[in-house]
Number of protein chains: 2
Amino acid sequence: MFAMAPVLGIDPGLSRCGYGAVVRETGSRLRAVSCGVLRTDPALNLPQRLSILHDELESLIVELKPSVVVVERLLFQNNVRTAISVGQASGLALAIAARHHIDVVQYSPNEVKLAIAGDGGAGKAEVGAMVARLLKLREVPKPADAADALALALCHLWRQRVGAATESTRTLDVRSDREVGLPSGLDQRIAAALARRT
Amino acid sequence: MFAMAPVLGIDPGLSRCGYGAVVRETGSRLRAVSCGVLRTDPALNLPQRLSILHDELESLIVELKPSVVVVERLLFQNNVRTAISVGQASGLALAIAARHHIDVVQYSPNEVKLAIAGDGGAGKAEVGAMVARLLKLREVPKPADAADALALALCHLWRQRVGAATESTRTLDVRSDREVGLPSGLDQRIAAALARRT
């Protein structure tokens, strides 16, 4: 069997840039193939740090060959203090993925929380616990940026599935839901919540 | 005579990214060697636009071989609506310059206005007129993003000179001031204003 190309989530940041790659295997099982955090030394100046992050993001994309890169969409009201450097880091991730001809999608933190925990206002701990559960990991990935990046990848895989089901007018297959670890009925709750928003 | 490496100013933006390269020639005369605007098509998606901007900024740096790249420092309160895309564009400029081992400096809009027009609160028209005057251009460069980029380069050249004069405890040479087009006494006014701020 050929290895599937993973979906690569990126939680952009200058001090800590989380990444997490997930593949959907046969039987809809989801598996984390890579996750971690790219760090840049705060003792370096900003251009040097961005240059290092640029090269590390590029290496990651070349190495993992993702089918899709999922980057957190920035909302301005969040963390005003670090918003500029987060914006700069996200710009690098978006540009590098596009330069490698990889599809890029962005989801807001609320969209991710809604997809993963069924609640757009879910806390970090709740999202982390759901990431561990969906990927059958013994522990919540640390630091939180790595778990957040896996959550981005999972959000995309979940939405792809819901989208595919909707497009083909098939109903959701609850059995395969259980196989990927989604709590029974969660898909319906999320779908209903999404429907209310659109 | 060997051509001097220019100082390249970059006024970051996604729709319009201004650039302007200035050299200081023999006799302290300042000359604009290149200026213009990099544009990306708003019909393209964000990652594609950032990818195009990435490649155009890189071509510019490879072609002009600047000694220094001067990028406008982002202040959060300015233009909240476009702050994310401006941040993303600035991240690209900073990272690309550093990847090419070129020194990068950043100045805030107020620092540029103070250096160019002697007033941190100067308007666009005033800065544009001073840019044209300092570079002995018949007209103010258009669009404003190109003039702003030249202003960044001029700000750096001016501060270098003031810095050099201060370091060597020489007083400012008013005659060469006139040669580069600075109105008589302006250097002193700016130096005094800067001294008040620090």
# chains A, B, ... in the order shown; residues from 1 in each chain; ligands from 1
$ residues_around --residues "stretch 139-152 of chain A" --least-positions-apart "2" --cutoff "8 Å" --atoms "only C-alpha atoms" --output "PDB file with C-alpha atoms, in the first residue's frame"
ATOM      1  CA  LEU A   8      -0.314  19.280   7.740  1.00  0.00           C
ATOM      2  CA  GLY A   9      -1.675  21.694  10.341  1.00  0.00           C
ATOM      3  CA  ILE A  10       0.346  24.781  11.232  1.00  0.00           C
ATOM      4  CA  ASP A  11      -0.340  26.947  14.277  1.00  0.00           C
ATOM      5  CA  ARG A  16       6.705  28.548  18.974  1.00  0.00           C
ATOM      6  CA  CYS A  17       5.198  27.468  15.657  1.00  0.00           C
ATOM      7  CA  GLY A  18       3.205  24.260  16.112  1.00  0.00           C
ATOM      8  CA  TYR A  19       2.931  21.643  13.386  1.00  0.00           C
ATOM      9  CA  GLY A  20       1.045  18.386  13.166  1.00  0.00           C
ATOM     10  CA  ALA A  21       0.574  15.968  10.270  1.00  0.00           C
ATOM     11  CA  VAL A  22      -2.310  13.494  10.147  1.00  0.00           C
ATOM     12  CA  ALA A  32      -0.607  11.361  13.591  1.00  0.00           C
ATOM     13  CA  CYS A  35       3.978  16.720  15.357  1.00  0.00           C
ATOM     14  CA  GLY A  36       6.049  19.204  17.236  1.00  0.00           C
ATOM     15  CA  VAL A  37       7.055  22.814  17.556  1.00  0.00           C
ATOM     16  CA  VAL A  70      -3.982  23.989   7.115  1.00  0.00           C
ATOM     17  CA  VAL A  71      -3.031  27.298   8.735  1.00  0.00           C
ATOM     18  CA  GLU A  72      -4.892  28.944  11.598  1.00  0.00           C
ATOM     19  CA  TYR A 107      -9.798  27.874   9.692  1.00  0.00           C
ATOM     20  CA  VAL A 112     -11.417  24.198  14.830  1.00  0.00           C
ATOM     21  CA  ILE A 116     -12.936  18.928  17.313  1.00  0.00           C
ATOM     22  CA  LYS A 124      -7.399  24.288  25.263  1.00  0.00           C
ATOM     23  CA  VAL A 127      -9.398  20.401  22.482  1.00  0.00           C
ATOM     24  CA  GLY A 128      -6.175  18.668  23.537  1.00  0.00           C
ATOM     25  CA  ALA A 129      -8.099  15.784  25.104  1.00  0.00           C
ATOM     26  CA  VAL A 131      -7.066  15.440  19.750  1.00  0.00           C
ATOM     27  CA  ALA A 132      -5.562  12.638  21.864  1.00  0.00           C
ATOM     28  CA  LEU A 137      -2.703   8.885  21.694  1.00  0.00           C
ATOM     29  CA  LEU A 154      -8.197  17.015  12.135  1.00  0.00           C
ATOM     30  CA  CYS A 155     -10.622  19.889  11.553  1.00  0.00           C
ATOM     31  CA  HIS A 156      -9.829  19.788   7.850  1.00  0.00           C
TER      32      HIS A 156
END
$ select_by_dssp --residues "stretch 58-181 of chain A" --states "strand (DSSP E or B)" --output "compact mmCIF listing (two decimals) with N, CA and C atoms, in the first residue's frame"
# COMPACT_ATOMS: atom_id res chain seq x y z
N VAL A 68 -2.37 18.85 1.77
CA VAL A 68 -2.99 20.13 2.13
C VAL A 68 -2.23 20.70 3.33
N VAL A 69 -2.04 22.01 3.34
CA VAL A 69 -1.51 22.68 4.53
C VAL A 69 -2.66 23.50 5.14
N VAL A 70 -2.89 23.31 6.42
CA VAL A 70 -3.98 23.99 7.11
C VAL A 70 -3.37 24.98 8.10
N VAL A 71 -3.64 26.26 7.90
CA VAL A 71 -3.03 27.30 8.73
C VAL A 71 -4.13 28.00 9.53
N GLU A 72 -3.87 28.25 10.80
CA GLU A 72 -4.89 28.94 11.60
C GLU A 72 -5.14 30.33 11.02
N ASP A 103 -2.13 22.84 -1.77
CA ASP A 103 -3.37 23.54 -1.39
C ASP A 103 -3.27 24.04 0.04
N VAL A 104 -3.80 25.23 0.26
CA VAL A 104 -3.77 25.80 1.61
C VAL A 104 -5.20 26.13 2.02
N VAL A 105 -5.56 25.78 3.22
CA VAL A 105 -6.85 26.22 3.76
C VAL A 105 -6.60 26.86 5.12
N GLN A 106 -7.51 27.75 5.49
CA GLN A 106 -7.41 28.39 6.79
C GLN A 106 -8.72 28.22 7.55
N TYR A 107 -8.62 27.92 8.83
CA TYR A 107 -9.80 27.87 9.69
C TYR A 107 -9.53 28.76 10.90
$ closest_residue --among "A:Leu135, A:Leu30, A:Leu14, A:Ala115" --to "A:Ala89" --atoms "only C-alpha atoms"
A:Leu14
$ closest_residue --among "A:Lys113, A:His100, A:Arg39, A:Arg24" --to "chain B" --atoms "only C-alpha atoms"
A:His100
$ select_by_dssp --residues "stretch 53-179 of chain B" --states "alpha helix (DSSP H)" --output "count of residues only"
79
$ closest_atom_pairs --of "chain A" --to "chain B" --cutoff "8 Å" --atoms "only C-alpha atoms" --output "JSON lines"
{"residue": "A:Leu46", "atom": "CA", "partner": "B:Leu94", "partner_atom": "CA", "distance": 7.7}
{"residue": "A:Pro47", "atom": "CA", "partner": "B:Leu94", "partner_atom": "CA", "distance": 4.8}
{"residue": "A:Gln48", "atom": "CA", "partner": "B:Ala98", "partner_atom": "CA", "distance": 5.7}
{"residue": "A:Arg49", "atom": "CA", "partner": "B:Ala95", "partner_atom": "CA", "distance": 7.8}
{"residue": "A:Leu50", "atom": "CA", "partner": "B:Ala95", "partner_atom": "CA", "distance": 4.9}
{"residue": "A:Ser51", "atom": "CA", "partner": "B:Ala95", "partner_atom": "CA", "distance": 4.2}
{"residue": "A:Ile52", "atom": "CA", "partner": "B:Ala95", "partner_atom": "CA", "distance": 8.0}
{"residue": "A:His54", "atom": "CA", "partner": "B:Ala95", "partner_atom": "CA", "distance": 6.9}
{"residue": "A:Leu74", "atom": "CA", "partner": "B:Ile84", "partner_atom": "CA", "distance": 7.5}
{"residue": "A:Phe76", "atom": "CA", "partner": "B:Ile84", "partner_atom": "CA", "distance": 7.5}
{"residue": "A:Val80", "atom": "CA", "partner": "B:Phe76", "partner_atom": "CA", "distance": 8.0}
{"residue": "A:Ile84", "atom": "CA", "partner": "B:Gly87", "partner_atom": "CA", "distance": 5.7}
{"residue": "A:Ser85", "atom": "CA", "partner": "B:Gly87", "partner_atom": "CA", "distance": 7.5}
{"residue": "A:Gly87", "atom": "CA", "partner": "B:Gln88", "partner_atom": "CA", "distance": 5.2}
{"residue": "A:Gln88", "atom": "CA", "partner": "B:Gly91", "partner_atom": "CA", "distance": 4.1}
{"residue": "A:Ala89", "atom": "CA", "partner": "B:Gly91", "partner_atom": "CA", "distance": 6.7}
{"residue": "A:Ser90", "atom": "CA", "partner": "B:Gln88", "partner_atom": "CA", "distance": 6.6}
{"residue": "A:Gly91", "atom": "CA", "partner": "B:Gln88", "partner_atom": "CA", "distance": 4.1}
{"residue": "A:Leu92", "atom": "CA", "partner": "B:Leu92", "partner_atom": "CA", "distance": 6.2}
{"residue": "A:Leu94", "atom": "CA", "partner": "B:Pro47", "partner_atom": "CA", "distance": 4.8}
{"residue": "A:Ala95", "atom": "CA", "partner": "B:Ser51", "partner_atom": "CA", "distance": 4.2}
{"residue": "A:Ile96", "atom": "CA", "partner": "B:Ser51", "partner_atom": "CA", "distance": 6.7}
{"residue": "A:Ala97", "atom": "CA", "partner": "B:Pro47", "partner_atom": "CA", "distance": 7.5}
{"residue": "A:Ala98", "atom": "CA", "partner": "B:Pro47", "partner_atom": "CA", "distance": 5.5}
{"residue": "A:Arg99", "atom": "CA", "partner": "B:Ser51", "partner_atom": "CA", "distance": 5.5}
{"residue": "A:Val104", "atom": "CA", "partner": "B:Pro47", "partner_atom": "CA", "distance": 6.9}
$ atom_distance --atom1 "atom CA of B:Leu60" --atom2 "atom CA of B:Met4"
16.3 Å
$ atom_distance --atom1 "atom CA of B:Gly13" --atom2 "atom CA of B:Glu58"
15.0 Å
$ atom_distance --atom1 "atom CA of A:Arg31" --atom2 "atom CA of A:Leu64"
14.0 Å
